[in-house]
>>> print(open('coords.txt').read())   # compact mmCIF, C-alpha atoms
# COMPACT_ATOMS: atom_id res chain seq x y z
CA MET N 1 0.00 0.00 0.00
CA ASP N 2 2.84 2.40 0.80
CA SER N 3 4.16 2.12 -2.76
CA VAL N 4 1.16 3.88 -4.33
CA TYR N 5 1.42 6.75 -1.83
CA GLU N 6 5.11 7.12 -2.59
CA LYS N 7 4.23 7.30 -6.31
CA VAL N 8 1.71 10.05 -5.52
CA ARG N 9 4.36 11.91 -3.53
CA GLU N 10 6.82 11.63 -6.41
CA ARG N 11 4.19 12.91 -8.84
CA LEU N 12 3.31 15.91 -6.69
CA ASP N 13 7.02 16.62 -6.24
CA LYS N 14 7.34 17.07 -10.01
CA PHE N 15 5.49 20.37 -9.67
CA PRO N 16 7.92 23.31 -9.38
CA GLN N 17 6.36 24.10 -5.99
CA GLY N 18 7.50 20.67 -4.81
CA PHE N 19 6.32 18.00 -2.40
CA PRO N 20 9.67 16.76 -1.04
CA LYS N 21 10.40 13.61 0.89
CA THR N 22 11.21 14.07 4.59
CA ALA N 23 13.19 11.96 7.04
CA SER N 24 10.10 11.41 9.20
CA GLY N 25 7.81 10.44 6.32
CA VAL N 26 5.10 12.82 7.53
CA GLU N 27 4.11 13.51 3.93
CA LEU N 28 3.03 9.87 3.47
CA LYS N 29 0.91 10.12 6.63
CA ILE N 30 -0.80 13.14 5.10
CA LEU N 31 -1.46 11.35 1.81
CA LYS N 32 -2.90 8.32 3.61
CA THR N 33 -5.17 10.63 5.60
CA LEU N 34 -6.46 12.36 2.47
CA PHE N 35 -6.57 9.62 -0.18
CA SER N 36 -7.92 6.08 -0.19
CA PRO N 37 -5.68 3.58 -2.07
CA GLU N 38 -8.11 3.67 -5.01
CA GLU N 39 -8.05 7.48 -5.11
CA ALA N 40 -4.25 7.48 -4.93
CA GLU N 41 -4.10 5.11 -7.92
CA LEU N 42 -6.40 7.36 -9.98
CA LEU N 43 -4.37 10.44 -9.13
CA LEU N 44 -1.46 8.97 -11.09
CA PHE N 45 -3.46 9.29 -14.32
CA LEU N 46 -4.35 12.98 -13.96
CA SER N 47 -2.50 15.64 -15.94
CA PRO N 48 -1.00 18.78 -14.34
CA ALA N 49 -1.78 20.86 -17.43
CA THR N 50 -4.56 19.25 -19.49
CA PRO N 51 -7.97 18.83 -17.81
CA LYS N 52 -9.44 15.41 -18.64
CA PRO N 53 -12.97 13.96 -18.52
CA ALA N 54 -13.60 10.80 -16.51
CA SER N 55 -13.81 8.83 -19.77
CA ALA N 56 -10.21 9.66 -20.73
CA ILE N 57 -8.91 8.89 -17.25
CA ALA N 58 -10.84 5.60 -17.21
CA GLY N 59 -9.32 4.62 -20.54
CA GLU N 60 -5.77 5.27 -19.35
CA ALA N 61 -6.37 3.51 -16.04
CA GLY N 62 -8.05 0.52 -17.67
CA ARG N 63 -11.22 1.08 -15.66
CA ALA N 64 -14.89 1.42 -16.55
CA VAL N 65 -16.09 5.01 -16.67
CA LYS N 66 -19.02 4.29 -14.35
CA GLU N 67 -16.59 2.88 -11.77
CA ILE N 68 -14.58 6.06 -11.45
CA GLU N 69 -16.92 8.96 -12.27
CA ASP N 70 -18.22 9.21 -8.70
CA VAL N 71 -14.73 8.66 -7.27
CA LEU N 72 -13.23 11.53 -9.26
CA TYR N 73 -16.11 13.83 -8.45
CA GLY N 74 -15.81 12.96 -4.76
CA MET N 75 -12.08 13.69 -4.83
CA SER N 76 -12.75 17.07 -6.42
CA LYS N 77 -15.40 17.86 -3.79
CA ARG N 78 -12.83 17.19 -1.05
CA GLY N 79 -10.24 19.46 -2.65
CA LEU N 80 -7.88 16.71 -3.75
CA ILE N 81 -8.08 17.52 -7.47
CA PHE N 82 -9.43 20.48 -9.43
CA ARG N 83 -12.71 20.30 -11.32
CA LEU N 84 -13.81 22.39 -14.29
CA ARG N 85 -17.42 22.40 -15.48
CA PRO N 86 -17.63 23.46 -19.15
CA PRO N 87 -21.20 24.39 -20.19
CA GLY N 88 -22.97 21.40 -21.72
CA ALA N 89 -19.93 19.13 -21.35
CA PRO N 90 -18.72 16.52 -18.81
CA ASN N 91 -16.71 17.62 -15.80
CA LEU N 92 -12.97 17.91 -16.41
CA TYR N 93 -10.38 16.99 -13.79
CA LEU N 94 -6.87 18.35 -13.23
CA LEU N 95 -3.95 17.44 -10.99
CA VAL N 96 -2.96 20.30 -8.65
CA PRO N 97 0.17 20.83 -6.52
CA TRP N 98 0.30 20.66 -2.75
CA VAL N 99 0.61 24.47 -2.66
CA VAL N 100 -1.14 26.47 -4.02
CA GLY N 101 -3.63 23.63 -4.31
CA ILE N 102 -4.49 20.62 -2.15
CA TRP N 103 -3.52 22.20 1.17
CA GLU N 104 -5.52 25.39 0.59
CA PHE N 105 -8.51 23.30 -0.52
CA GLN N 106 -8.71 21.54 2.88
CA LEU N 107 -10.66 24.38 4.49
CA LYS N 108 -13.69 22.18 5.27
CA ASN N 109 -11.65 19.18 6.38
CA LEU N 110 -9.44 20.71 9.06
CA ASN N 111 -9.15 19.07 12.46
CA LEU N 112 -6.50 19.14 15.16
CA ASP N 113 -4.92 15.90 13.94
CA ASN N 114 -4.40 16.87 10.30
CA ILE N 115 -3.40 20.45 11.20
CA LYS N 116 -0.58 18.94 13.27
CA LEU N 117 0.52 16.89 10.24
CA PHE N 118 0.22 19.86 7.85
CA GLU N 119 2.26 22.15 10.12
CA ARG N 120 4.90 19.51 10.68
CA TYR N 121 5.25 18.99 6.95
CA PHE N 122 5.50 22.73 6.37
CA GLU N 123 8.45 22.87 8.79
CA GLU N 124 10.19 19.68 7.63
CA GLY N 125 9.48 19.81 3.90
CA MET N 126 8.21 23.06 2.45
CA VAL N 127 10.57 25.52 4.16
CA SER N 128 13.67 23.85 2.72
CA GLU N 129 11.91 23.56 -0.64
CA ARG N 130 11.11 27.28 -0.61
CA LYS N 131 14.77 28.11 0.13
CA ARG N 132 15.71 26.43 -3.14
CA SER N 133 13.77 28.95 -5.21
CA LYS N 134 14.32 32.63 -5.86
CA THR N 135 11.16 33.09 -7.92
CA GLY N 136 8.18 34.29 -5.91
CA GLY N 137 4.87 32.81 -7.01
CA PHE N 138 3.03 35.44 -4.98
CA ARG N 139 3.39 39.18 -5.59
CA VAL N 140 2.45 42.00 -3.25
CA VAL N 141 -0.17 44.40 -4.60
CA PRO N 142 0.05 47.80 -2.87
CA VAL N 143 -2.75 49.74 -1.20
CA GLU N 144 -4.03 51.48 -4.30
CA LYS N 145 -4.82 54.91 -2.91
CA GLU N 146 -1.19 55.29 -1.86
CA ILE N 147 0.15 54.98 -5.43
CA GLN N 148 -2.56 56.81 -7.38
CA GLN N 149 -0.31 59.78 -8.09
CA THR N 150 2.28 57.58 -9.78
CA ALA N 151 2.42 58.00 -13.55
CA GLY N 152 1.86 54.89 -15.64
CA ILE N 153 0.54 52.54 -12.95
CA GLU N 154 0.32 49.06 -14.42
CA PRO N 155 -2.97 47.11 -14.06
CA TYR N 156 -1.24 44.36 -12.06
CA GLU N 157 -0.33 46.97 -9.40
CA LYS N 158 -3.97 48.12 -9.05
CA VAL N 159 -5.85 45.80 -6.74
CA SER N 160 -9.19 47.26 -7.87
CA GLU N 161 -8.32 46.34 -11.47
CA ILE N 162 -7.87 42.69 -10.48
CA ILE N 163 -11.42 42.68 -9.10
CA ASN N 164 -13.00 44.75 -11.88
CA SER N 165 -11.59 42.54 -14.63
CA ASN N 166 -13.60 39.55 -13.34
CA THR N 167 -17.29 38.63 -13.38
CA ARG N 168 -17.69 35.93 -10.70
CA PHE N 169 -16.42 36.30 -7.16
CA ALA N 170 -16.07 34.15 -4.04
CA VAL N 171 -14.64 34.77 -0.59
CA ALA N 172 -13.26 32.10 1.73
CA GLU N 173 -11.57 31.87 5.08
CA CYS N 174 -7.79 32.22 5.15
CA ILE N 175 -6.52 28.70 5.80
CA CYS N 176 -3.39 30.04 7.52
CA ARG N 177 -5.34 32.05 10.10
CA LYS N 178 -7.96 29.30 10.42
CA GLU N 179 -5.33 26.69 11.30
CA SER N 180 -3.68 29.05 13.78
CA LYS N 181 -7.00 29.88 15.42
CA MET N 182 -7.98 26.20 15.71
CA VAL N 183 -4.79 25.41 17.66
CA GLY N 184 -5.19 28.42 19.95
CA LYS N 185 -2.66 30.70 18.29
CA GLY N 186 -2.84 33.39 15.68
CA CYS N 187 -4.49 36.79 15.56
CA GLU N 188 -7.91 38.37 15.44
CA LYS N 189 -7.59 39.82 11.95
CA LEU N 190 -10.33 39.20 9.40
CA LEU N 191 -10.71 35.45 8.79
CA GLU N 192 -12.97 35.47 5.72
CA ALA N 193 -10.52 37.40 3.56
CA CYS N 194 -9.31 35.30 0.61
CA MET N 195 -11.00 36.07 -2.71
CA MET N 196 -11.26 33.86 -5.79
CA PHE N 197 -12.33 34.76 -9.32
CA GLY N 198 -13.46 32.97 -12.47
CA ALA N 199 -12.96 29.19 -12.53
CA ALA N 200 -11.48 29.28 -9.03
CA ALA N 201 -14.63 31.04 -7.75
CA ASP N 202 -16.78 28.39 -9.48
CA TYR N 203 -14.84 25.64 -7.74
CA TYR N 204 -14.97 27.23 -4.28
CA ILE N 205 -18.67 28.05 -4.50
CA GLU N 206 -19.75 24.64 -5.84
CA ASN N 207 -17.68 22.79 -3.24
CA GLY N 208 -18.80 24.98 -0.37
CA PHE N 209 -15.23 26.10 0.34
CA GLY N 210 -16.35 29.73 0.12
CA ARG N 211 -19.43 31.80 -0.60
CA GLU N 212 -20.38 33.78 -3.65
CA ILE N 213 -20.17 37.56 -3.37
CA THR N 214 -20.82 40.49 -5.68
CA LYS N 215 -18.20 42.79 -7.13
CA GLU N 216 -19.34 45.48 -4.68
CA GLU N 217 -18.88 43.09 -1.75
CA ALA N 218 -15.40 42.23 -3.02
CA HIS N 219 -14.42 45.90 -2.90
CA LYS N 220 -15.84 46.23 0.63
CA ILE N 221 -13.83 43.22 1.81
CA LEU N 222 -10.76 44.76 0.22
CA ALA N 223 -11.29 47.99 2.18
CA LYS N 224 -11.79 46.00 5.40
CA THR N 225 -8.54 44.09 4.92
CA GLU N 226 -6.63 47.33 4.41
CA GLU N 227 -8.21 48.74 7.57
CA GLU N 228 -7.09 45.69 9.54
CA GLY N 229 -3.54 45.82 8.18
CA LEU N 230 -3.54 42.83 5.84
CA VAL N 231 -1.21 42.65 2.85
CA HIS N 232 -2.77 42.13 -0.59
CA CYS N 233 -1.06 39.34 -2.53
CA SER N 234 -1.85 37.80 -5.90
CA SER N 235 -0.04 35.70 -8.48
CA ASN N 236 3.22 37.10 -9.81
CA HIS N 237 2.20 37.70 -13.41
CA ALA N 238 0.36 40.21 -15.55
CA GLY N 239 -3.08 39.59 -17.04
CA GLN N 240 -6.04 37.77 -15.55
CA LYS N 241 -5.73 36.65 -11.93
CA MET N 242 -7.66 33.95 -10.08
CA LEU N 243 -7.15 35.12 -6.50
CA ILE N 244 -6.29 37.81 -4.01
CA CYS N 245 -5.00 36.66 -0.63
CA ASN N 246 -4.90 39.12 2.26
CA CYS N 247 -2.04 38.12 4.52
CA CYS N 248 -0.90 38.83 8.06
CA GLY N 249 2.70 38.54 9.19
CA CYS N 250 1.92 36.31 12.17
CA CYS N 251 -0.10 33.45 10.63
CA CYS N 252 0.27 33.43 6.86
CA LYS N 253 2.76 31.04 5.33
CA ALA N 254 3.87 33.37 2.53
CA LEU N 255 4.92 36.20 4.88
CA GLY N 256 6.08 33.61 7.42
CA TYR N 257 8.83 32.58 5.02
CA ILE N 258 10.13 36.15 5.34
CA ASN N 259 9.53 36.74 9.04
CA LYS N 260 10.40 33.36 10.53
CA TYR N 261 12.84 31.89 8.03
CA ASN N 262 14.39 34.99 6.45
CA ILE N 263 13.62 33.97 2.86
CA PRO N 264 13.19 37.42 1.25
CA THR N 265 12.49 36.02 -2.22
CA ALA N 266 9.50 33.95 -1.02
CA VAL N 267 7.14 36.76 -2.03
CA ALA N 268 7.81 39.11 -4.94
CA HIS N 269 7.76 42.69 -3.69
CA SER N 270 5.59 45.28 -5.40
CA SER N 271 7.20 47.90 -7.65
CA TYR N 272 7.26 50.35 -4.74
CA TYR N 273 8.94 50.87 -1.37
CA ALA N 274 8.09 53.07 1.57
CA GLN N 275 10.17 56.16 2.33
CA ILE N 276 10.00 58.23 5.54
CA ASP N 277 10.63 61.96 5.79
CA GLU N 278 12.48 62.18 9.10
CA GLN N 279 11.82 65.94 9.29
CA ILE N 280 8.08 65.26 9.56
CA CYS N 281 8.05 61.91 11.39
CA SER N 282 6.85 62.34 14.99
CA GLY N 283 8.14 58.95 16.16
CA CYS N 284 4.65 57.74 17.11
CA GLU N 285 5.52 54.15 16.05
CA SER N 286 2.13 53.47 14.47
CA CYS N 287 3.89 52.24 11.32
CA LEU N 288 5.77 49.56 13.28
CA GLU N 289 2.55 47.78 14.12
CA ARG N 290 1.20 48.10 10.58
CA CYS N 291 4.29 46.63 8.93
CA GLN N 292 3.76 42.88 8.52
CA VAL N 293 7.40 42.04 7.68
CA LYS N 294 9.28 44.08 10.33
CA ALA N 295 10.83 46.38 7.74
CA ILE N 296 10.53 49.50 9.96
CA LYS N 297 12.58 50.27 13.07
CA MET N 298 13.02 53.26 15.33
CA GLU N 299 16.31 55.14 15.17
CA ASN N 300 16.94 58.39 17.02
CA ASP N 301 13.23 58.83 17.74
CA HIS N 302 12.31 58.48 14.07
CA ALA N 303 11.04 55.56 12.05
CA ARG N 304 13.34 54.22 9.37
CA VAL N 305 12.51 51.76 6.57
CA SER N 306 14.81 48.97 5.47
CA LYS N 307 14.42 49.30 1.70
CA ASP N 308 15.62 45.76 1.06
CA ARG N 309 13.12 44.24 3.47
CA CYS N 310 10.15 46.46 2.55
CA ILE N 311 7.67 44.55 0.37
CA GLY N 312 5.90 47.69 -0.88
CA CYS N 313 2.43 47.02 0.50
CA GLY N 314 1.67 50.63 1.53
CA LEU N 315 0.00 49.77 4.85
CA CYS N 316 2.33 52.05 6.80
CA VAL N 317 1.50 54.99 4.52
CA SER N 318 -2.25 54.69 4.97
CA SER N 319 -1.98 54.85 8.76
CA CYS N 320 0.68 57.55 9.26
CA PRO N 321 -0.86 60.47 11.22
CA THR N 322 1.77 62.98 10.04
CA ASP N 323 1.83 61.97 6.36
CA SER N 324 5.57 61.49 6.65
CA ILE N 325 5.62 58.21 4.68
CA SER N 326 5.26 57.96 0.92
CA MET N 327 5.49 55.21 -1.68
CA VAL N 328 8.40 55.51 -4.10
CA HIS N 329 8.39 53.77 -7.47
CA LYS N 330 11.43 51.58 -8.00
CA ARG N 331 13.66 51.79 -11.04
CA PRO N 332 12.99 49.02 -13.58
CA ASP N 333 16.22 47.26 -12.62
CA GLU N 334 15.28 47.25 -8.92
CA GLY N 335 11.93 45.50 -9.13
CA PRO N 336 11.44 41.72 -8.96
CA PRO N 337 10.66 39.95 -12.22
CA LEU N 338 7.03 40.04 -13.31
CA PHE N 339 5.93 37.32 -15.71
CA LEU N 340 3.72 37.73 -18.75
CA ASP N 341 1.18 35.15 -17.63
CA GLY N 342 0.72 32.14 -15.36
CA ASN N 343 2.46 29.79 -17.78
CA ALA N 344 5.55 32.00 -17.96
CA LEU N 345 5.68 32.10 -14.16
CA ILE N 346 5.42 28.33 -13.76
CA GLN N 347 8.05 27.82 -16.48
CA ALA N 348 10.48 30.12 -14.67
CA MET N 349 9.92 28.23 -11.40
CA ALA N 350 10.35 24.91 -13.22
CA LYS N 351 13.58 25.97 -14.93
CA GLU N 352 15.04 27.18 -11.67
CA LYS N 353 14.58 23.73 -10.09
CA ASN N 354 15.25 21.71 -13.25
CA LYS N 355 11.73 20.27 -13.19
CA PRO N 356 10.31 20.32 -16.73
CA PHE N 357 6.67 21.36 -16.82
CA PRO N 358 4.22 20.03 -17.80
CA PHE N 359 5.36 16.56 -16.85
CA ALA N 360 3.95 13.27 -18.12
>>> encode(input="coords.txt", output="structure tokens")
Amino acid sequence: MDSVYEKVRERLDKFPQGFPKTASGVELKILKTLFSPEEAELLLFLSPATPKPASAIAGEAGRAVKEIEDVLYGMSKRGLIFRLRPPGAPNLYLLVPWVVGIWEFQLKNLNLDNIKLFERYFEEGMVSERKRSKTGGFRVVPVEKEIQQTAGIEPYEKVSEIINSNTRFAVAECICRKESKMVGKGCEKLLEACMMFGAAADYYIENGFGREITKEEAHKILAKTEEEGLVHCSSNHAGQKMLICNCCGCCCKALGYINKYNIPTAVAHSSYYAQIDEQICSGCESCLERCQVKAIKMENDHARVSKDRCIGCGLCVSSCPTDSISMVHKRPDEGPPLFLDGNALIQAMAKEKNKPFPFA
């Protein structure tokens, strides 16, 4: 039985995001908790890039379609594989990575036992995997009102543009803060704060992972997250986006890579950084609390920003009572790479780790 779970682990590890083997084998415990042996076998026939109907998967697996249709649908309902529902056509199924993917889709299935396994695997497997990569899959999107005076703002830097370019919207709980709260840790910042769009919204709504909202509600949630000091993050490419996460520095894994493990490349910074006018700064320290990555310190009774550590979120600017902080646009050679689309991003991550994508 262990052999099929090891094959699943190897397959998931072919994604650029990785699913590495650990000395403790905690990853196999996770897979056995999530997948039955039959489900694990079927997972081996799913593609990471080409959605397939149950009929195609059945043919490759040498199984009858009727035998596996319900199994595949059940797996997709539990967040183990992705499901697309083309109008007037059969459901299509797609293999997804551990992150962003299977782990985030476990919102409805969390309990103290599997949270313990997930957190252990994060520490033993995913931190070292993240250190191997310099390409950030997530990119910070700044508080928009703080960069409105900048000439030539690109659409990917305007968080409102990400929302307005979509037609279907969902909001879900942040799995990072939910896990922390369930084990008695974490913070009191907004829990229902992650937004999905398009096919991702369809999937979350139909599976009950999140609830459908209107465009107006999406903008209101965005304003609430800024008020509570959460960092807007989305995928590190131009064009259509499928999500906006709103992250805190204490619970969220993406910012945790920076704060706890000092991996500055884990999240691509925005094209801006904060700058403080020491002649105006009153030393009130309000910006220290707002900064989610500890990029601001007090020196000689004034706040000072570490430009290298600043992720360009703009939260400190929006809360400064003396207007002594401003957002400065970086030179083109200073900013992190932005990719043309999702495929270009995944190809860059794959090349960096010598993991050809898509894989067979």
>>> closest_residue(input="coords.txt", among="N:Thr33, N:Asn111, N:Asn164, N:Ser47", to="Phe15 in chain N", atoms="all atoms listed in the file")
N:Ser47
>>> residues_around(input="coords.txt", residues="Phe357 in chain N", least_positions_apart="2", cutoff="9 Å", atoms="all atoms listed in the file", output="list in words")
Lys14, Phe15, Pro16, Pro48, Ala49, Ile346, Gln347, Ala350, Lys351, Lys355, Phe359 and Ala360 of chain N
>>> closest_residue(input="coords.txt", among="N:Ala266, N:Val8, N:Val305, N:Cys287", to="Met349 in chain N", atoms="only C-alpha atoms")
N:Ala266
>>> closest_residue(input="coords.txt", among="N:Ala201, N:Ala172, N:Ala218, N:Cys247", to="Arg83 in chain N", atoms="only C-alpha atoms")
N:Ala201
>>> residues_around(input="coords.txt", residues="Lys145 in chain N", least_positions_apart="2", cutoff="10 Å", atoms="only C-alpha atoms", output="list in words")
Pro142, Val143, Ile147, Gln148, Gln149, Lys158, Val159, Gly314, Val317 and Ser318 of chain N
>>> atom_distance(input="coords.txt", atom1="CA of Gly18 in chain N", atom2="CA of Ile102 in chain N")
12.3 Å
>>> atom_distance(input="coords.txt", atom1="CA of Arg304 in chain N", atom2="CA of Asn246 in chain N")
24.7 Å
>>> closest_residue(input="coords.txt", among="N:Gly59, N:Pro321, N:Gly210, N:Gly342", to="Leu46 in chain N", atoms="all atoms listed in the file")
N:Gly59
>>> residues_around(input="coords.txt", residues="Gly229 in chain N", least_positions_apart="5", cutoff="12 Å", atoms="all atoms listed in the file", output="PyMOL selection string")
chain N and resi 142-143+187-190+193+222-224+246-250+286-293+313-319
>>> write_last_selection(input="coords.txt", atoms="C-alpha atoms", output="PDB file, in the coordinates of the input")
ATOM      1  CA  PRO N 142       0.050  47.800  -2.870  1.00  0.00           C
ATOM      2  CA  VAL N 143      -2.750  49.740  -1.200  1.00  0.00           C
ATOM      3  CA  CYS N 187      -4.490  36.790  15.560  1.00  0.00           C
ATOM      4  CA  GLU N 188      -7.910  38.370  15.440  1.00  0.00           C
ATOM      5  CA  LYS N 189      -7.590  39.820  11.950  1.00  0.00           C
ATOM      6  CA  LEU N 190     -10.330  39.200   9.400  1.00  0.00           C
ATOM      7  CA  ALA N 193     -10.520  37.400   3.560  1.00  0.00           C
ATOM      8  CA  LEU N 222     -10.760  44.760   0.220  1.00  0.00           C
ATOM      9  CA  ALA N 223     -11.290  47.990   2.180  1.00  0.00           C
ATOM     10  CA  LYS N 224     -11.790  46.000   5.400  1.00  0.00           C
ATOM     11  CA  ASN N 246      -4.900  39.120   2.260  1.00  0.00           C
ATOM     12  CA  CYS N 247      -2.040  38.120   4.520  1.00  0.00           C
ATOM     13  CA  CYS N 248      -0.900  38.830   8.060  1.00  0.00           C
ATOM     14  CA  GLY N 249       2.700  38.540   9.190  1.00  0.00           C
ATOM     15  CA  CYS N 250       1.920  36.310  12.170  1.00  0.00           C
ATOM     16  CA  SER N 286       2.130  53.470  14.470  1.00  0.00           C
ATOM     17  CA  CYS N 287       3.890  52.240  11.320  1.00  0.00           C
ATOM     18  CA  LEU N 288       5.770  49.560  13.280  1.00  0.00           C
ATOM     19  CA  GLU N 289       2.550  47.780  14.120  1.00  0.00           C
ATOM     20  CA  ARG N 290       1.200  48.100  10.580  1.00  0.00           C
ATOM     21  CA  CYS N 291       4.290  46.630   8.930  1.00  0.00           C
ATOM     22  CA  GLN N 292       3.760  42.880   8.520  1.00  0.00           C
ATOM     23  CA  VAL N 293       7.400  42.040   7.680  1.00  0.00           C
ATOM     24  CA  CYS N 313       2.430  47.020   0.500  1.00  0.00           C
ATOM     25  CA  GLY N 314       1.670  50.630   1.530  1.00  0.00           C
ATOM     26  CA  LEU N 315       0.000  49.770   4.850  1.00  0.00           C
ATOM     27  CA  CYS N 316       2.330  52.050   6.800  1.00  0.00           C
ATOM     28  CA  VAL N 317       1.500  54.990   4.520  1.00  0.00           C
ATOM     29  CA  SER N 318      -2.250  54.690   4.970  1.00  0.00           C
ATOM     30  CA  SER N 319      -1.980  54.850   8.760  1.00  0.00           C
TER      31      SER N 319
END
>>> closest_residue(input="coords.txt", among="N:Leu117, N:Lys294, N:Leu72, N:Arg63", to="Lys32 in chain N", atoms="all atoms listed in the file")
N:Leu117
>>> residues_around(input="coords.txt", residues="range 134-140 of chain N", least_positions_apart="6", cutoff="9 Å", atoms="all atoms listed in the file", output="number ranges by chain")
N: 17, 157, 231-237, 254, 263-271, 311-313, 336-338, 345-346, 348-349, 352
>>> closest_residue(input="coords.txt", among="N:Glu334, N:Glu104, N:Glu161, N:Glu69", to="Lys241 in chain N", atoms="all atoms listed in the file")
N:Glu161
>>> residues_around(input="coords.txt", residues="Ile221 in chain N", least_positions_apart="2", cutoff="12 Å", atoms="only C-alpha atoms", output="VMD selection string")
chain N and resid 159 to 160 163 169 to 172 190 to 195 213 to 219 223 to 228 230 232 244 to 246
>>> residues_near_point(input="coords.txt", point="(12.9, 61.0, 9.7)", cutoff="12 Å", atoms="all atoms listed in the file", output="PyMOL selection string")
chain N and resi 275-285+296-305+322-325
>>> atom_distance(input="coords.txt", atom1="CA of Ser3 in chain N", atom2="CA of Ala54 in chain N")
24.1 Å
>>> axis_aligned_box(input="coords.txt", around="range 52-61 of chain N", padding_each_side="4 Å", output="lines of an AutoDock Vina configuration file")
center_x = -9.8
center_y = 9.5
center_z = -18.4
size_x = 16.0
size_y = 19.9
size_z = 12.7
>>> residues_near_point(input="coords.txt", point="(-10.7, 14.9, -16.1)", cutoff="10 Å", atoms="all atoms listed in the file", output="number ranges by chain")
N: 45-47, 50-58, 69, 72-73, 81-84, 90-95
>>> write_last_selection(input="coords.txt", atoms="C-alpha atoms", output="short mmCIF file (atom, residue, chain, number, x, y, z; two decimals), in the coordinates of the input")
data_model
loop_
_atom_site.label_atom_id
_atom_site.label_comp_id
_atom_site.auth_asym_id
_atom_site.auth_seq_id
_atom_site.Cartn_x
_atom_site.Cartn_y
_atom_site.Cartn_z
CA PHE N 45 -3.46 9.29 -14.32
CA LEU N 46 -4.35 12.98 -13.96
CA SER N 47 -2.50 15.64 -15.94
CA THR N 50 -4.56 19.25 -19.49
CA PRO N 51 -7.97 18.83 -17.81
CA LYS N 52 -9.44 15.41 -18.64
CA PRO N 53 -12.97 13.96 -18.52
CA ALA N 54 -13.60 10.80 -16.51
CA SER N 55 -13.81 8.83 -19.77
CA ALA N 56 -10.21 9.66 -20.73
CA ILE N 57 -8.91 8.89 -17.25
CA ALA N 58 -10.84 5.60 -17.21
CA GLU N 69 -16.92 8.96 -12.27
CA LEU N 72 -13.23 11.53 -9.26
CA TYR N 73 -16.11 13.83 -8.45
CA ILE N 81 -8.08 17.52 -7.47
CA PHE N 82 -9.43 20.48 -9.43
CA ARG N 83 -12.71 20.30 -11.32
CA LEU N 84 -13.81 22.39 -14.29
CA PRO N 90 -18.72 16.52 -18.81
CA ASN N 91 -16.71 17.62 -15.80
CA LEU N 92 -12.97 17.91 -16.41
CA TYR N 93 -10.38 16.99 -13.79
CA LEU N 94 -6.87 18.35 -13.23
CA LEU N 95 -3.95 17.44 -10.99
#
